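Structure first, commentary second.
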Amino acid sequence: MLSSSQKIKKIGLIEGDGIGPEISASLKDVFAAAKVPLDFESIPAGLGQFEKVGQGILASDLKKMADLKVCIKGPTTTPTGGGHKSINVTIRKALDLFANVRPIKSLPCIETPFKNVDIIIVRENIEDTYGGIEHQQSPDMAQCLRIITRSGSLRAHRFAFELAVRQGRKKVTCVHKANIMKLTDGLFLETFHEVAKEFPQIESSDIIVDNCCMQLVSRPEKFDVLVLPNLFGDIVSDLCAGLVGGLGIASGANIGSSLAVYEAVHGSAPDIAGKGLANPTALLFSSLLMLRDLGLNQEAQKIEKALTEALANKNTCTRDLGGSASTQDFTRAIVGRLKS
Ligand code: NAI
Ligand code: MG
């Protein structure tokens, strides 16, 4: 957990691949216009870096991230079916960023079938099937090992309950499939109930993941804080992003014991990269999580106001939200409001 007393002056910036550089440019312009007292230190990582140096991120750059303590990251491309290991997974593991926080909140300026969605997803960020422990047993059979540990589960649950207390939330729900994966999800669920006892002021419940998905798309307003193992957390957070306006607006933070890496939920969107169509909102909302964790509340407030005003106007919105503005037009609309 970061402490706002840590007086951070410089943060790491991974621009990433695909639309990463476009949305990072928007972030830099918005921070400059809001006079955010933070400098960026550029950290190369992603497919581009892999093609250049044979590694998605250098060990020296991981060390730099750890020294800086706070980084913000654009999306990085991971090839499917083969190729290099996910840079995200590498960063999360190397820096022990054990909790992934994804707030999902309806915005008055974005029309969706649902109002009053206000969910915080806490995803265990290191274990589960993300260890990359896969074996080709024979040409016709592949196997993936799913690892869930008591210590990893306990700290994710404790983080979720502590966050619920800090943010004045009422209820934490554990999402699992312990009816089928009786040992792995069984352990995740058992440790959840252990931790819940330490927080009698917070209501606790659990739900099987498939039922949870059905209820999320029919009555999302009934959920508060969700805590999930890594893979379900990945899937359910994209589902939840869809409830409030899509991947273009969903923010996230990877949190460790004294480090944090903030990043949007979405990927590098190769289908729209380089076309000026990317919505930088998700990265900007992620930066607001960062500013608030750093105690820069005034700057966060200012940016949030300008951003939500720009989102409320279809003329300044990007195409994914039904507008026709380019990434740069949208950024100019925010910057204009910050300067006026
Ligand atoms: P994606 O999130 O990149 O794209 C899914 C769809 O949403 C696409 O149609 C895309 O155009 C749209 N989209 C995403 N972000 C958008 C934005 N900011 N503005 C407007 N439209 C947006 O997911 P996909 O296609 O599955 O993955 C592409 C690559 O990204 C893969 O290599 C994947 O591994 C990587 N990825 C990286 C992540 C990260 O670095 N945090 C997270 C998720 C995926
Ligand atoms: Mg994902």
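Note on naming: chains are A, B, ... as they come in the structure tokens, residues start from 1 per chain, ligands start from 1 in the order shown.
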To check your reading of the model: which residues sit at most 7 Å from ligand 1 when counting only C-alpha atoms and all ligand atoms? Write the answer as a PyMOL selection string. chain A and resi 74-79+88+247-248+263-272+277-282+320
Quick one: residues within 9 Å of ligand 2, with only C-alpha atoms and all ligand atoms, as a PyMOL selection string? chain A and resi 231+233-238+265-267
Give me the range 108-194 of chain A side of the contact with range 294-310 of chain A, cut-off 10 Å, one line per residue showing its nearest atom pair and distance in Å at one decimal, counting only C-alpha atoms, sorted by chain and residue number, as a tab-separated table.
```
residue	atom	partner	partner_atom	distance
A:Pro108	CA	A:Thr308	CA	8.6
A:Cys109	CA	A:Thr308	CA	6.9
A:Ile110	CA	A:Thr308	CA	9.3
```
Ranking A:Asp210, A:Glu111, A:Glu22, A:Glu221 by minimum distance to Lys275 in chain A and counting only C-alpha atoms, which one comes first?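 For Lys275 in chain A, the nearest of the candidates is A:Glu22.
Take CA of Arg169 in chain A and CA of Ser205 in chain A: the distance between them is 13.8 Å.
Reported to one decimal place, the separation of CA of Leu259 in chain A from CA of Lys69 in chain A is 4.6 Å.
Atom pair CA of Ala260 in chain A / CA of Ser151 in chain A has a distance of 19.8 Å (rounded to one decimal).
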Quick one: residues within 9 Å of Ala178 in chain A, only C-alpha atoms counted, chain neighbours fewer than 2 positions away excluded, as a ChimeraX atom specification? /A:176,180-189,208
Which residues are close to Ile207 in chain A, i.e. within 8 Å by only C-alpha atoms, leaving aside same-chain residues fewer than 3 positions away? Reply as a list in words.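 Listed by chain and then number, they are Thr173, Cys174, Val175, His176, Asn211 and Cys212 of chain A.
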Could you take the residues named above and write them with N, CA and C atoms, as a tab-separated table (two decimals), in the first residue's frame?
```tsv
chain	number	residue	atom	x	y	z
A	173	THR	N	-18.02	-9.67	-1.46
A	173	THR	CA	-18.49	-10.97	-1.95
A	173	THR	C	-17.34	-11.72	-2.60
A	174	CYS	N	-17.15	-12.95	-2.20
A	174	CYS	CA	-16.11	-13.80	-2.80
A	174	CYS	C	-16.72	-14.56	-3.98
A	175	VAL	N	-16.09	-14.44	-5.14
A	175	VAL	CA	-16.60	-15.10	-6.35
A	175	VAL	C	-15.70	-16.31	-6.65
A	176	HIS	N	-16.28	-17.48	-6.85
A	176	HIS	CA	-15.46	-18.70	-6.91
A	176	HIS	C	-16.19	-19.80	-7.69
A	211	ASN	N	-23.19	-17.96	-11.79
A	211	ASN	CA	-24.36	-17.28	-11.27
A	211	ASN	C	-24.06	-15.78	-11.10
A	212	CYS	N	-22.84	-15.49	-10.64
A	212	CYS	CA	-22.44	-14.08	-10.45
A	212	CYS	C	-22.52	-13.33	-11.79
```
Compile the contact shell of Ser287 in chain A as a ChimeraX atom specification: residues with an atom at most 8 Å away, counting only C-alpha atoms, same-chain residues fewer than 2 positions apart removed. /A:72,262-263,283-285,289-291
Give me, as a tab-separated table (two decimals) with N, CA and C atoms, in the first residue's frame, the residues of range 92-257 of chain A that a backbone DSSP run labels strand (DSSP E).
```tsv
chain	number	residue	atom	x	y	z
A	99	ALA	N	-2.52	-7.41	-5.64
A	99	ALA	CA	-3.97	-7.11	-5.76
A	99	ALA	C	-4.20	-6.20	-6.96
A	100	ASN	N	-5.21	-6.52	-7.72
A	100	ASN	CA	-5.58	-5.68	-8.86
A	100	ASN	C	-6.95	-5.09	-8.55
A	101	VAL	N	-7.00	-3.78	-8.52
A	101	VAL	CA	-8.24	-3.10	-8.13
A	101	VAL	C	-8.87	-2.46	-9.36
A	102	ARG	N	-10.14	-2.74	-9.59
A	102	ARG	CA	-10.82	-2.19	-10.76
A	102	ARG	C	-12.17	-1.61	-10.37
A	103	PRO	N	-12.24	-0.31	-10.20
A	103	PRO	CA	-13.53	0.30	-9.85
A	103	PRO	C	-14.43	0.37	-11.08
A	104	ILE	N	-15.69	0.03	-10.90
A	104	ILE	CA	-16.66	0.01	-12.00
A	104	ILE	C	-17.83	0.87	-11.57
A	105	LYS	N	-17.96	2.05	-12.16
A	105	LYS	CA	-18.99	2.97	-11.67
A	105	LYS	C	-19.74	3.59	-12.84
A	118	ASP	N	-21.94	0.49	-8.98
A	118	ASP	CA	-20.81	1.01	-8.21
A	118	ASP	C	-20.12	-0.18	-7.53
A	119	ILE	N	-19.28	-0.84	-8.30
A	119	ILE	CA	-18.64	-2.08	-7.85
A	119	ILE	C	-17.13	-1.85	-7.80
A	120	ILE	N	-16.48	-2.43	-6.81
A	120	ILE	CA	-15.01	-2.47	-6.86
A	120	ILE	C	-14.59	-3.93	-6.95
A	121	ILE	N	-13.83	-4.23	-8.00
A	121	ILE	CA	-13.33	-5.60	-8.18
A	121	ILE	C	-11.92	-5.68	-7.62
A	122	VAL	N	-11.70	-6.64	-6.75
A	122	VAL	CA	-10.34	-6.92	-6.27
A	122	VAL	C	-9.98	-8.30	-6.80
A	123	ARG	N	-8.99	-8.31	-7.67
A	123	ARG	CA	-8.58	-9.56	-8.32
A	123	ARG	C	-7.23	-9.98	-7.74
A	124	GLU	N	-7.15	-11.22	-7.28
A	124	GLU	CA	-5.84	-11.74	-6.86
A	124	GLU	C	-4.99	-11.72	-8.13
A	134	GLU	N	2.47	-24.72	-17.85
A	134	GLU	CA	1.72	-25.54	-18.81
A	134	GLU	C	2.64	-26.63	-19.36
A	135	HIS	N	2.09	-27.77	-19.58
A	135	HIS	CA	2.87	-28.87	-20.15
A	135	HIS	C	2.13	-29.48	-21.33
A	136	GLN	N	2.91	-29.81	-22.35
A	136	GLN	CA	2.35	-30.57	-23.46
A	136	GLN	C	2.58	-32.04	-23.11
A	137	GLN	N	1.57	-32.71	-22.60
A	137	GLN	CA	1.75	-34.09	-22.14
A	137	GLN	C	1.99	-35.04	-23.31
A	138	SER	N	1.27	-34.78	-24.39
A	138	SER	CA	1.46	-35.54	-25.63
A	138	SER	C	0.97	-34.60	-26.73
A	141	MET	N	-2.55	-33.74	-25.89
A	141	MET	CA	-3.00	-33.38	-24.54
A	141	MET	C	-2.08	-32.35	-23.91
A	142	ALA	N	-2.70	-31.23	-23.53
A	142	ALA	CA	-1.94	-30.17	-22.84
A	142	ALA	C	-2.53	-29.99	-21.45
A	143	GLN	N	-1.68	-29.52	-20.52
A	143	GLN	CA	-2.11	-29.41	-19.14
A	143	GLN	C	-1.67	-28.06	-18.58
A	144	CYS	N	-2.52	-27.46	-17.76
A	144	CYS	CA	-2.15	-26.20	-17.11
A	144	CYS	C	-2.33	-26.39	-15.61
A	171	LYS	N	-20.24	-4.31	1.86
A	171	LYS	CA	-20.27	-5.76	1.67
A	171	LYS	C	-19.12	-6.23	0.76
A	172	VAL	N	-18.51	-7.36	1.10
A	172	VAL	CA	-17.52	-7.99	0.22
A	172	VAL	C	-18.04	-9.38	-0.16
A	173	THR	N	-18.02	-9.67	-1.46
A	173	THR	CA	-18.49	-10.97	-1.95
A	173	THR	C	-17.34	-11.72	-2.60
A	174	CYS	N	-17.15	-12.95	-2.20
A	174	CYS	CA	-16.11	-13.80	-2.80
A	174	CYS	C	-16.72	-14.56	-3.98
A	175	VAL	N	-16.09	-14.44	-5.14
A	175	VAL	CA	-16.60	-15.10	-6.35
A	175	VAL	C	-15.70	-16.31	-6.65
A	176	HIS	N	-16.28	-17.48	-6.85
A	176	HIS	CA	-15.46	-18.70	-6.91
A	176	HIS	C	-16.19	-19.80	-7.69
A	203	GLU	N	-20.33	-6.75	5.81
A	203	GLU	CA	-21.10	-7.94	5.46
A	203	GLU	C	-20.28	-8.80	4.48
A	204	SER	N	-20.36	-10.11	4.60
A	204	SER	CA	-19.61	-10.94	3.65
A	204	SER	C	-20.55	-12.00	3.06
A	205	SER	N	-20.29	-12.36	1.82
A	205	SER	CA	-21.07	-13.43	1.20
A	205	SER	C	-20.22	-14.06	0.10
A	206	ASP	N	-20.68	-15.19	-0.43
A	206	ASP	CA	-19.95	-15.75	-1.56
A	206	ASP	C	-20.94	-16.22	-2.62
A	207	ILE	N	-20.42	-16.30	-3.84
A	207	ILE	CA	-21.29	-16.64	-4.97
A	207	ILE	C	-20.48	-17.40	-6.02
A	208	ILE	N	-21.11	-18.36	-6.66
A	208	ILE	CA	-20.43	-19.14	-7.71
A	208	ILE	C	-20.35	-18.28	-8.98
A	225	VAL	N	-18.27	-4.78	-3.18
A	225	VAL	CA	-16.87	-5.16	-3.45
A	225	VAL	C	-16.86	-6.65	-3.79
A	226	LEU	N	-16.17	-7.02	-4.88
A	226	LEU	CA	-16.02	-8.43	-5.25
A	226	LEU	C	-14.55	-8.81	-5.11
A	227	VAL	N	-14.28	-10.00	-4.60
A	227	VAL	CA	-12.90	-10.49	-4.59
A	227	VAL	C	-12.86	-11.82	-5.32
A	228	LEU	N	-11.92	-11.94	-6.27
A	228	LEU	CA	-11.90	-13.10	-7.16
A	228	LEU	C	-10.48	-13.61	-7.36
A	253	ALA	N	-5.67	-0.61	-10.98
A	253	ALA	CA	-4.42	-0.41	-10.27
A	253	ALA	C	-3.91	-1.76	-9.80
A	254	ASN	N	-2.60	-1.97	-9.97
A	254	ASN	CA	-1.95	-3.16	-9.44
A	254	ASN	C	-1.20	-2.73	-8.18
A	255	ILE	N	-1.57	-3.34	-7.06
A	255	ILE	CA	-1.05	-2.84	-5.79
A	255	ILE	C	-0.19	-3.90	-5.09
```
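Comparing A:His84, A:Arg146, A:Arg219, A:Lys35 by their smallest distance to Gly48 in chain A, the closest is A:His84 (using only C-alpha atoms).
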Range 158-242 of chain A: which residues are helix (DSSP H, G or I) by DSSP, as an mmCIF file with C-alpha atoms, in the first residue's frame?
```
data_model
loop_
_atom_site.group_PDB
_atom_site.id
_atom_site.type_symbol
_atom_site.label_atom_id
_atom_site.label_comp_id
_atom_site.auth_asym_id
_atom_site.auth_seq_id
_atom_site.Cartn_x
_atom_site.Cartn_y
_atom_site.Cartn_z
ATOM 1 C CA ARG A 158 -7.486 -8.872 3.621
ATOM 2 C CA PHE A 159 -6.778 -6.197 1.021
ATOM 3 C CA ALA A 160 -10.410 -6.353 -0.178
ATOM 4 C CA PHE A 161 -11.830 -5.987 3.336
ATOM 5 C CA GLU A 162 -9.405 -3.190 4.262
ATOM 6 C CA LEU A 163 -10.343 -1.363 1.065
ATOM 7 C CA ALA A 164 -14.035 -1.831 1.929
ATOM 8 C CA VAL A 165 -13.443 -0.263 5.351
ATOM 9 C CA ARG A 166 -11.367 2.639 3.921
ATOM 10 C CA THR A 184 -8.099 -24.629 -5.219
ATOM 11 C CA ASP A 185 -11.229 -22.484 -5.088
ATOM 12 C CA GLY A 186 -12.092 -24.328 -1.879
ATOM 13 C CA LEU A 187 -8.955 -22.809 -0.328
ATOM 14 C CA PHE A 188 -9.740 -19.381 -1.783
ATOM 15 C CA LEU A 189 -13.222 -19.548 -0.241
ATOM 16 C CA GLU A 190 -12.124 -20.977 3.099
ATOM 17 C CA THR A 191 -9.535 -18.195 3.568
ATOM 18 C CA PHE A 192 -12.175 -15.619 2.582
ATOM 19 C CA HIS A 193 -14.413 -16.728 5.455
ATOM 20 C CA GLU A 194 -11.429 -16.669 7.833
ATOM 21 C CA VAL A 195 -10.606 -13.075 6.924
ATOM 22 C CA ALA A 196 -14.283 -12.029 6.970
ATOM 23 C CA VAL A 209 -18.888 -17.368 -10.686
ATOM 24 C CA ASP A 210 -21.400 -18.357 -13.389
ATOM 25 C CA ASN A 211 -24.364 -17.277 -11.266
ATOM 26 C CA CYS A 212 -22.437 -14.083 -10.448
ATOM 27 C CA CYS A 213 -22.076 -13.296 -14.191
ATOM 28 C CA MET A 214 -25.792 -13.802 -14.762
ATOM 29 C CA GLN A 215 -26.685 -11.542 -11.829
ATOM 30 C CA LEU A 216 -24.137 -8.911 -12.853
ATOM 31 C CA PRO A 220 -25.460 -5.182 -11.149
ATOM 32 C CA GLU A 221 -26.476 -2.528 -8.620
ATOM 33 C CA LYS A 222 -26.763 -5.154 -5.887
ATOM 34 C CA ASN A 230 -6.926 -14.153 -10.968
ATOM 35 C CA LEU A 231 -8.612 -15.694 -14.037
ATOM 36 C CA PHE A 232 -12.222 -15.078 -12.972
ATOM 37 C CA GLY A 233 -11.127 -11.567 -11.969
ATOM 38 C CA ASP A 234 -9.769 -10.945 -15.463
ATOM 39 C CA ILE A 235 -12.963 -12.111 -17.161
ATOM 40 C CA VAL A 236 -15.479 -10.587 -14.749
ATOM 41 C CA SER A 237 -13.744 -7.201 -14.818
ATOM 42 C CA ASP A 238 -14.140 -6.936 -18.609
ATOM 43 C CA LEU A 239 -17.787 -7.972 -18.205
ATOM 44 C CA CYS A 240 -18.256 -5.248 -15.594
ATOM 45 C CA ALA A 241 -16.517 -2.683 -17.806
ATOM 46 C CA GLY A 242 -19.214 -3.445 -20.372
#
```
